[in-house]
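Structure file final14.cif; described as mmCIF, C-alpha atoms.
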data_query
#
loop_
_atom_site.label_atom_id
_atom_site.label_comp_id
_atom_site.auth_asym_id
_atom_site.auth_seq_id
_atom_site.Cartn_x
_atom_site.Cartn_y
_atom_site.Cartn_z
CA MET A 1 -14.23 22.17 -6.49
CA ALA A 2 -13.95 19.21 -4.16
CA ARG A 3 -16.52 16.53 -4.53
CA CYS A 4 -18.28 14.56 -1.83
CA TRP A 5 -17.47 10.90 -2.50
CA TYR A 6 -19.40 8.11 -0.83
CA ALA A 7 -18.74 4.38 -1.19
CA PHE A 8 -22.05 2.78 -2.10
CA TRP A 9 -21.31 -0.64 -3.61
CA GLY A 10 -18.57 -3.24 -3.74
CA THR A 11 -18.04 -6.56 -5.43
CA GLY A 12 -15.45 -9.29 -5.88
CA VAL A 13 -12.91 -10.93 -3.64
CA ALA A 14 -9.26 -10.08 -3.07
CA PRO A 15 -7.19 -9.50 -5.09
CA PHE A 16 -9.84 -8.54 -7.67
CA ARG A 17 -12.25 -6.35 -5.69
CA ARG A 18 -14.11 -3.36 -7.12
CA LEU A 19 -15.43 -0.50 -5.05
CA TYR A 20 -17.98 2.01 -6.36
CA PHE A 21 -18.23 5.63 -5.24
CA LEU A 22 -20.69 8.36 -6.10
CA ASP A 23 -20.47 12.10 -5.75
CA LEU A 24 -23.40 13.30 -3.66
CA ASN A 25 -22.76 16.84 -4.86
CA GLY A 26 -24.41 15.65 -8.07
CA ARG A 27 -26.40 17.82 -10.36
CA ALA A 28 -30.03 18.29 -9.36
CA PRO A 29 -32.70 18.11 -12.07
CA ALA A 30 -34.43 21.30 -13.19
CA SER A 31 -37.84 19.64 -12.77
CA PRO A 32 -39.08 16.36 -11.28
CA GLN A 33 -39.53 14.93 -14.79
CA ASP A 34 -35.87 15.51 -15.70
CA PRO A 35 -33.23 12.83 -15.13
CA VAL A 36 -30.78 13.12 -12.25
CA ALA A 37 -27.07 13.15 -13.14
CA LEU A 38 -24.42 11.48 -10.95
CA ASP A 39 -20.70 10.82 -11.25
CA VAL A 40 -19.65 7.28 -10.35
CA VAL A 41 -16.04 6.15 -9.83
CA THR A 42 -15.09 2.49 -9.86
CA ALA A 43 -11.76 1.57 -8.27
CA TYR A 44 -10.26 -1.77 -9.28
CA GLU A 45 -7.99 -3.58 -6.85
CA GLY A 46 -6.13 -5.74 -9.33
CA ASN A 47 -6.11 -6.95 -12.89
CA ASP A 48 -8.66 -9.76 -12.97
CA PRO A 49 -7.63 -12.22 -15.71
CA ARG A 50 -11.32 -13.03 -16.29
CA ALA A 51 -12.21 -9.38 -16.99
CA ARG A 52 -12.63 -8.17 -20.57
CA VAL A 53 -10.39 -5.18 -19.87
CA ALA A 54 -7.84 -4.54 -17.12
CA ASN A 55 -8.93 -1.22 -15.60
CA ASP A 56 -7.18 0.96 -13.05
CA HIS A 57 -10.30 3.06 -12.47
CA SER A 58 -13.23 4.51 -14.35
CA LEU A 59 -15.41 7.58 -14.06
CA LEU A 60 -18.92 7.53 -15.49
CA THR A 61 -21.45 10.32 -15.60
CA VAL A 62 -24.82 8.63 -15.52
CA GLU A 63 -28.33 9.98 -15.80
CA ILE A 64 -31.16 8.25 -13.99
CA ARG A 65 -34.87 8.43 -14.73
CA CYS A 66 -36.22 7.82 -11.28
CA ARG A 67 -39.82 6.88 -12.07
CA GLN A 68 -38.92 4.67 -15.02
CA ASN A 69 -36.01 2.89 -13.30
CA GLN A 70 -33.78 3.63 -16.27
CA ILE A 71 -30.13 4.62 -16.58
CA ARG A 72 -27.82 5.82 -19.33
CA ILE A 73 -24.17 6.83 -19.48
CA THR A 74 -23.65 10.33 -20.84
CA ASP A 75 -19.90 10.69 -20.37
CA GLY A 76 -16.98 8.78 -19.00
CA TYR A 77 -13.56 7.31 -19.30
CA ALA A 78 -11.56 4.35 -18.10
CA VAL A 79 -7.91 4.45 -17.19
CA LEU A 80 -6.53 1.06 -18.13
CA ALA A 81 -3.92 -0.81 -16.12
CA ASN A 82 -1.35 -0.04 -18.83
CA GLY A 83 -1.94 3.72 -18.33
CA ARG A 84 -3.90 4.25 -21.54
CA THR A 85 -7.21 6.11 -21.30
CA GLU A 86 -10.35 5.14 -23.19
CA ARG A 87 -13.12 7.71 -23.49
CA LEU A 88 -16.82 7.09 -24.07
CA ASN A 89 -17.61 8.09 -27.64
CA SER A 90 -21.38 8.51 -27.42
CA VAL A 91 -24.28 8.58 -25.02
CA THR A 92 -25.75 5.14 -24.37
CA PRO A 93 -29.48 4.54 -24.83
CA TRP A 94 -31.83 4.53 -21.86
CA LEU A 95 -31.91 1.03 -20.36
CA PRO A 96 -33.62 -0.57 -17.37
CA PHE A 97 -31.31 -1.11 -14.40
CA GLN A 98 -29.10 -4.09 -15.21
CA ALA A 99 -26.66 -4.18 -12.31
CA ALA A 100 -27.16 -4.00 -8.56
CA TRP A 101 -25.06 -0.82 -8.38
CA HIS A 102 -27.54 0.88 -10.75
CA GLU A 103 -30.30 0.44 -8.18
CA ARG A 104 -28.14 1.68 -5.30
CA ALA A 105 -27.02 4.74 -7.30
CA ALA A 106 -30.64 5.44 -8.21
CA ARG A 107 -31.66 5.45 -4.55
CA ALA A 108 -28.98 8.05 -3.82
CA ALA A 109 -30.05 10.11 -6.83
CA CYS A 110 -33.80 9.86 -6.44
CA GLU A 111 -34.57 9.66 -2.72
CA ALA A 112 -34.11 12.93 -0.85
CA GLY A 113 -33.63 11.12 2.45
CA VAL A 114 -30.54 9.36 1.14
CA ARG A 115 -28.88 12.66 0.21
CA GLN A 116 -29.85 14.22 3.54
CA ARG A 117 -28.74 11.28 5.72
CA PRO A 118 -26.40 9.10 3.65
CA ASP A 119 -25.02 7.27 6.70
CA ASP A 120 -28.52 5.98 7.51
CA HIS A 121 -28.66 4.41 4.03
CA LEU A 122 -25.37 2.48 4.13
CA LEU A 123 -23.36 5.07 2.22
CA LEU A 124 -19.86 5.47 3.63
CA TRP A 125 -18.31 8.93 3.35
CA PHE A 126 -14.89 8.52 1.81
CA GLY A 127 -13.69 12.07 1.36
CA SER A 128 -13.82 15.33 -0.55
CA MET A 129 -11.46 14.99 -3.49
CA PRO A 130 -11.64 16.84 -6.81
CA ASN A 131 -9.98 14.10 -8.87
CA PRO A 132 -11.36 10.55 -9.30
CA ALA A 133 -7.81 9.18 -9.45
CA GLU A 134 -7.38 10.41 -5.86
CA VAL A 135 -10.39 8.32 -4.82
CA THR A 136 -8.78 5.26 -6.35
CA ALA A 137 -5.37 5.97 -4.78
CA ALA A 138 -6.94 6.51 -1.35
CA THR A 139 -8.90 3.26 -1.72
CA ARG A 140 -5.76 1.32 -2.51
CA GLN A 141 -3.75 2.84 0.33
CA SER A 142 -6.34 2.91 3.11
CA LEU A 143 -8.57 -0.08 2.38
CA TRP A 144 -6.48 -2.45 0.30
CA ARG A 145 -3.10 -1.51 1.85
CA GLN A 146 -1.39 -1.23 -1.53
CA PRO A 147 1.60 1.03 -2.20
CA LEU A 148 1.24 4.05 -4.49
CA ARG A 149 1.45 3.21 -8.19
#

Turn this file's structure into structure tokens for me.
Amino acid sequence: MARCWYAFWGTGVAPFRRLYFLDLNGRAPASPQDPVALDVVTAYEGNDPRARVANDHSLLTVEIRCRQNQIRITDGYAVLANGRTERLNSVTPWLPFQAAWHERAARAACEAGVRQRPDDHLLLWFGSMPNPAEVTAATRQSLWRQPLR
């Protein structure tokens, strides 16, 4: 099934930019007290020598507790620049939002108006692609003008 990817956050300067995407076809909670789950892809433009790890892209499944402003990672992987894949081994504990992208993802997850009118909330539709690697490849080709890897 194709997903509905929206760019919602970016950081860094060329040649070490990162762009964050979320799938707005995310899983809805069963009740208002349940957390909301979202998939988030991070595309990395280049291998930043200051970074702990040189990533190609990552996919995280996060859960957000809207009222408590908390987030945890329930699943995910990172494809490293050398082609190796690292998988998340366990669910992280619930934590308060610690990065600006956490807050932006929470707005998309928790506010119905954002899902209904994403363009009005500075979310940029990027495409319907089933595979997160396609999101990264499209980012490199269309936005960063890089050749295919």

Task: d(CA of Gly76 (chain A), CA of Val41 (chain A)) in Å - done: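 Atom-to-atom, CA of Gly76 (chain A) and CA of Val41 (chain A) are spaced 9.6 Å apart.
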
Task: Gap from CA of Met129 (chain A) to CA of Ala2 (chain A) - Å, one decimal - done: 4.9 Å

Open item on the list: Under the rule that all atoms listed in the file are counted, which of A:Arg65, A:Arg17, A:Arg52, A:Arg3 is the nearest residue to Val40 (chain A)?
Closed with: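 Of A:Arg65, A:Arg17, A:Arg52, A:Arg3, the one nearest Val40 (chain A), counting all atoms listed in the file, is A:Arg3.
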
TODO: Find the residue from A:His57, A:Arg18, A:Arg107, A:Arg50 that sits nearest to Pro132 (chain A); use all atoms listed in the file when measuring.
DONE: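 Among the listed residues, the smallest separation from Pro132 (chain A) belongs to A:His57.
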
Task: Which of A:Gln116, A:Ser58, A:Thr74, A:Ser142 sits closest to Thr42 (chain A) [using only C-alpha atoms] - done: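 Among the listed residues, A:Ser58 lies closest to Thr42 (chain A).
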
- [ ] For Pro93 (chain A), list every protein, DNA or RNA residue within 7 Å, evaluated using only C-alpha atoms, and leave out those in the same chain fewer than 2 positions away; present the list as a list in words.
- [x] Arg72, Val91 and Leu95 of chain A

TODO: On this file, the PyMOL selection byres ((chain A and resi 81) around 7) gives some set of residues; write that set as a ChimeraX atom specification.
DONE: /A:54-56,79-80,82-83

Open item on the list: Could you tell me how far CA of Ala112 (chain A) sits from CA of Asp34 (chain A), in Å to one decimal place?
Closed with: 15.2 Å

- [ ] Please evaluate the PyMOL selection byres ((chain A and resi 38) around 7) against the displayed coordinates and give the resulting residues as a count of residues only.
- [x] 11

TODO: May I ask which of the residues A:Asn131, A:Pro118, A:Trp94, A:Asn69 is the closest one to Ala106 (chain A), counting all atoms listed in the file?
DONE: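 Of A:Asn131, A:Pro118, A:Trp94, A:Asn69, the one nearest Ala106 (chain A) is A:Asn69, counting all atoms listed in the file.
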
Open item on the list: For the PyMOL selection byres ((chain A and resi 14-16) around 7), applied here, can you spell out every residue it catches as a ChimeraX atom specification?
Closed with: /A:12-13,17-18,44-48

Output file for the selection above: C-alpha atoms, as a PDB file, in the coordinates of the input:
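Generated output (again05.pdb):
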ATOM      1  CA  GLY A  12     -15.450  -9.290  -5.880  1.00  0.00           C
ATOM      2  CA  VAL A  13     -12.910 -10.930  -3.640  1.00  0.00           C
ATOM      3  CA  ARG A  17     -12.250  -6.350  -5.690  1.00  0.00           C
ATOM      4  CA  ARG A  18     -14.110  -3.360  -7.120  1.00  0.00           C
ATOM      5  CA  TYR A  44     -10.260  -1.770  -9.280  1.00  0.00           C
ATOM      6  CA  GLU A  45      -7.990  -3.580  -6.850  1.00  0.00           C
ATOM      7  CA  GLY A  46      -6.130  -5.740  -9.330  1.00  0.00           C
ATOM      8  CA  ASN A  47      -6.110  -6.950 -12.890  1.00  0.00           C
ATOM      9  CA  ASP A  48      -8.660  -9.760 -12.970  1.00  0.00           C
TER      10      ASP A  48
END
